[in-house]
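Encoded as structure tokens, the structure appears first; notes follow it.
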Amino acid sequence: NANALPARGALGSRLRADVEEGRIRLLTGFSVHALDPAGDRVTVTVRRPDGGQESVTVDRIVAATGFRPDHGIAAELRLDLDPVLGATRALAPLIDPNEHSCGTVPPHGVDELSHPEPGYYAVGMKSYGRAPTFLMATGYEQVRSVVAALAGDWAAARDVRLELPETGVCSSDPADSVDGENCCGPAPQPAARGLATGLAGGLLTVLPPATVDSGAGGCCAG
């Protein structure tokens, strides 16, 4: 098995099993209409596209609303940001989550992180904009490259070497790669494309069809 992040793969497999065995009820395709306290729990009233409405009382709400860095502190600097991802324009196609998983991102450093503003770089998670595939190993190499450039050692700065773990994402279709207790089966295909984000990707595409309803949002309630 090529998955070097087995714990992450196991999470998806456990969630799928919980849904299939009825321990978790999967609700999709709705909008949240109201939140009301119910003791130490919360009652969530949801509305479906057909106008139907129901309430679910939950222990906790986790708002997975995505992430985008705040570039306000650098608003007066000359930045060159990709309009979709919010990363530098040179880095964006290398980390596009529709094309790459975190383990298939190509090596990159000071050149891809540069802005028109001399000497300004954003490294680490914020360098990825809204892409959710950042790994700390990537950030360490970014920092090494940028620091070498700031020190004037451009040969070292451009000698970017990045060895990322296989993530178990074998193709852009998770249904082709889920088998057993991890993301990939015994004979994975070469990792080239990442797992698409949003409702159409991720866990929802590998759940049984009867429990999946394409729509604008989703929520799991125990």
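Going by the structure tokens order, chains are called A, B, ..., each with residues numbered from 1, while ligands are numbered from 1 in the order shown.
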
Write out as a list in words the residues lying within 8 Å of stretch 144-150 of chain A, counting only C-alpha atoms and excluding same-chain residues fewer than 5 positions away.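 Contacts, with the query itself left out: Gly109, Val110, Gly119, Tyr121, Ala156, Ala157, Arg158, Asp159 and Val160 of chain A.
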
Generate a file of the selected residues that holds N, CA and C atoms, formatted as a compact mmCIF listing (two decimals), in the first residue's frame.
```
# COMPACT_ATOMS: atom_id res chain seq x y z
N GLY A 109 9.72 26.91 -4.56
CA GLY A 109 10.43 27.73 -3.58
C GLY A 109 10.30 29.20 -3.89
N VAL A 110 11.42 29.91 -3.77
CA VAL A 110 11.39 31.36 -3.80
C VAL A 110 10.82 31.90 -5.11
N GLY A 119 11.36 41.46 -1.99
CA GLY A 119 11.62 40.99 -0.65
C GLY A 119 10.41 40.55 0.14
N TYR A 121 7.44 37.79 0.78
CA TYR A 121 7.02 36.41 0.50
C TYR A 121 6.03 35.97 1.57
N ALA A 156 21.38 27.91 -3.63
CA ALA A 156 20.67 27.09 -2.65
C ALA A 156 19.18 27.37 -2.68
N ALA A 157 18.81 28.61 -2.90
CA ALA A 157 17.39 28.97 -2.91
C ALA A 157 16.65 28.25 -4.02
N ARG A 158 17.30 28.06 -5.15
CA ARG A 158 16.64 27.44 -6.30
C ARG A 158 16.88 25.94 -6.37
N ASP A 159 17.67 25.41 -5.44
CA ASP A 159 17.87 23.97 -5.38
C ASP A 159 16.79 23.38 -4.47
N VAL A 160 15.56 23.39 -4.96
CA VAL A 160 14.41 22.99 -4.16
C VAL A 160 14.21 21.48 -4.29
```

Could you go through stretch 31-111 of chain A and tell me which residues DSSP, when run on the backbone, assigns to helix (DSSP H, G or I), listing them as a list in words? Gly72, Ile73, Ala74, Ala92, Pro93, Leu94, Ile95, Val110 and Asp111 of chain A

For A:Glu163, find every residue with an atom within 12 Å (counting only C-alpha atoms), except residues of its own chain fewer than 3 positions away, and show them as a list in words.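 Here the answer would be Ala4, Cys102, Gly103, Thr104, Val105, Pro106, Pro107, His108, Leu135, Met136, Ala137, Thr138, Tyr140, Glu141, Val160 and Glu166 of chain A.
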
Using only C-alpha atoms, please write the residues we just selected to a file, as a PDB file, in the first residue's frame.
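This is the output file selection-v8.pdb:
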```pdb
ATOM      1  CA  ALA A   4       2.041   7.137   3.941  1.00  0.00           C
ATOM      2  CA  CYS A 102      -1.026  17.306  -1.010  1.00  0.00           C
ATOM      3  CA  GLY A 103       1.348  14.501  -2.002  1.00  0.00           C
ATOM      4  CA  THR A 104       1.532  15.382  -5.709  1.00  0.00           C
ATOM      5  CA  VAL A 105       2.437  19.075  -5.390  1.00  0.00           C
ATOM      6  CA  PRO A 106       5.679  19.728  -7.324  1.00  0.00           C
ATOM      7  CA  PRO A 107       8.730  21.155  -5.528  1.00  0.00           C
ATOM      8  CA  HIS A 108       8.596  24.939  -5.343  1.00  0.00           C
ATOM      9  CA  LEU A 135       1.675  19.854   4.310  1.00  0.00           C
ATOM     10  CA  MET A 136       4.201  21.115   6.864  1.00  0.00           C
ATOM     11  CA  ALA A 137       7.034  19.463   4.916  1.00  0.00           C
ATOM     12  CA  THR A 138       6.163  21.760   2.008  1.00  0.00           C
ATOM     13  CA  TYR A 140       9.728  23.831   5.671  1.00  0.00           C
ATOM     14  CA  GLU A 141      11.211  23.711   2.188  1.00  0.00           C
ATOM     15  CA  VAL A 160      14.409  22.987  -4.160  1.00  0.00           C
ATOM     16  CA  GLU A 166       2.081   9.201  -0.850  1.00  0.00           C
TER      17      GLU A 166
END
```

Could you tell me how far atom CA of A:Gly139 sits from atom CA of A:Ser13, in Å to one decimal place?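 Taking atom CA of A:Ser13 and atom CA of A:Gly139, their separation equals 28.2 Å.
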
Among stretch 15-106 of chain A, which ones does DSSP place in strand (DSSP E), written as a list in words? Arg25, Leu26, Leu27, Thr28, Ser31, Val32, His33, Ala34, Leu35, Asp36, Pro37, Ala38, Arg41, Val42, Thr43, Val44, Thr45, Val46, Arg47, Gln53, Glu54, Ser55, Val56, Thr57 and Val58 of chain A

Store the residues picked out above, limited to C-alpha atoms, as a PDB file, in the first residue's frame.
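Wrote selection12.pdb, looks like this:
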```pdb
ATOM      1  CA  ARG A  25     -27.244   9.691   9.613  1.00  0.00           C
ATOM      2  CA  LEU A  26     -26.033  11.589   6.561  1.00  0.00           C
ATOM      3  CA  LEU A  27     -28.109  14.617   5.523  1.00  0.00           C
ATOM      4  CA  THR A  28     -27.243  16.492   2.336  1.00  0.00           C
ATOM      5  CA  SER A  31     -29.656  25.013   3.867  1.00  0.00           C
ATOM      6  CA  VAL A  32     -29.587  25.874   7.577  1.00  0.00           C
ATOM      7  CA  HIS A  33     -32.615  28.001   8.499  1.00  0.00           C
ATOM      8  CA  ALA A  34     -32.289  28.349  12.287  1.00  0.00           C
ATOM      9  CA  LEU A  35     -30.139  27.394  15.263  1.00  0.00           C
ATOM     10  CA  ASP A  36     -31.825  27.108  18.666  1.00  0.00           C
ATOM     11  CA  PRO A  37     -30.260  26.187  22.045  1.00  0.00           C
ATOM     12  CA  ALA A  38     -31.531  22.895  23.465  1.00  0.00           C
ATOM     13  CA  ARG A  41     -27.089  20.831  22.599  1.00  0.00           C
ATOM     14  CA  VAL A  42     -28.272  22.744  19.524  1.00  0.00           C
ATOM     15  CA  THR A  43     -31.370  22.189  17.402  1.00  0.00           C
ATOM     16  CA  VAL A  44     -30.654  22.816  13.740  1.00  0.00           C
ATOM     17  CA  THR A  45     -33.630  23.553  11.509  1.00  0.00           C
ATOM     18  CA  VAL A  46     -32.880  22.787   7.874  1.00  0.00           C
ATOM     19  CA  ARG A  47     -34.753  23.414   4.650  1.00  0.00           C
ATOM     20  CA  GLN A  53     -38.152  21.315   6.555  1.00  0.00           C
ATOM     21  CA  GLU A  54     -36.937  19.273   9.514  1.00  0.00           C
ATOM     22  CA  SER A  55     -35.034  19.733  12.749  1.00  0.00           C
ATOM     23  CA  VAL A  56     -32.024  17.833  14.011  1.00  0.00           C
ATOM     24  CA  THR A  57     -30.630  18.163  17.546  1.00  0.00           C
ATOM     25  CA  VAL A  58     -26.863  17.827  17.613  1.00  0.00           C
TER      26      VAL A  58
END
```
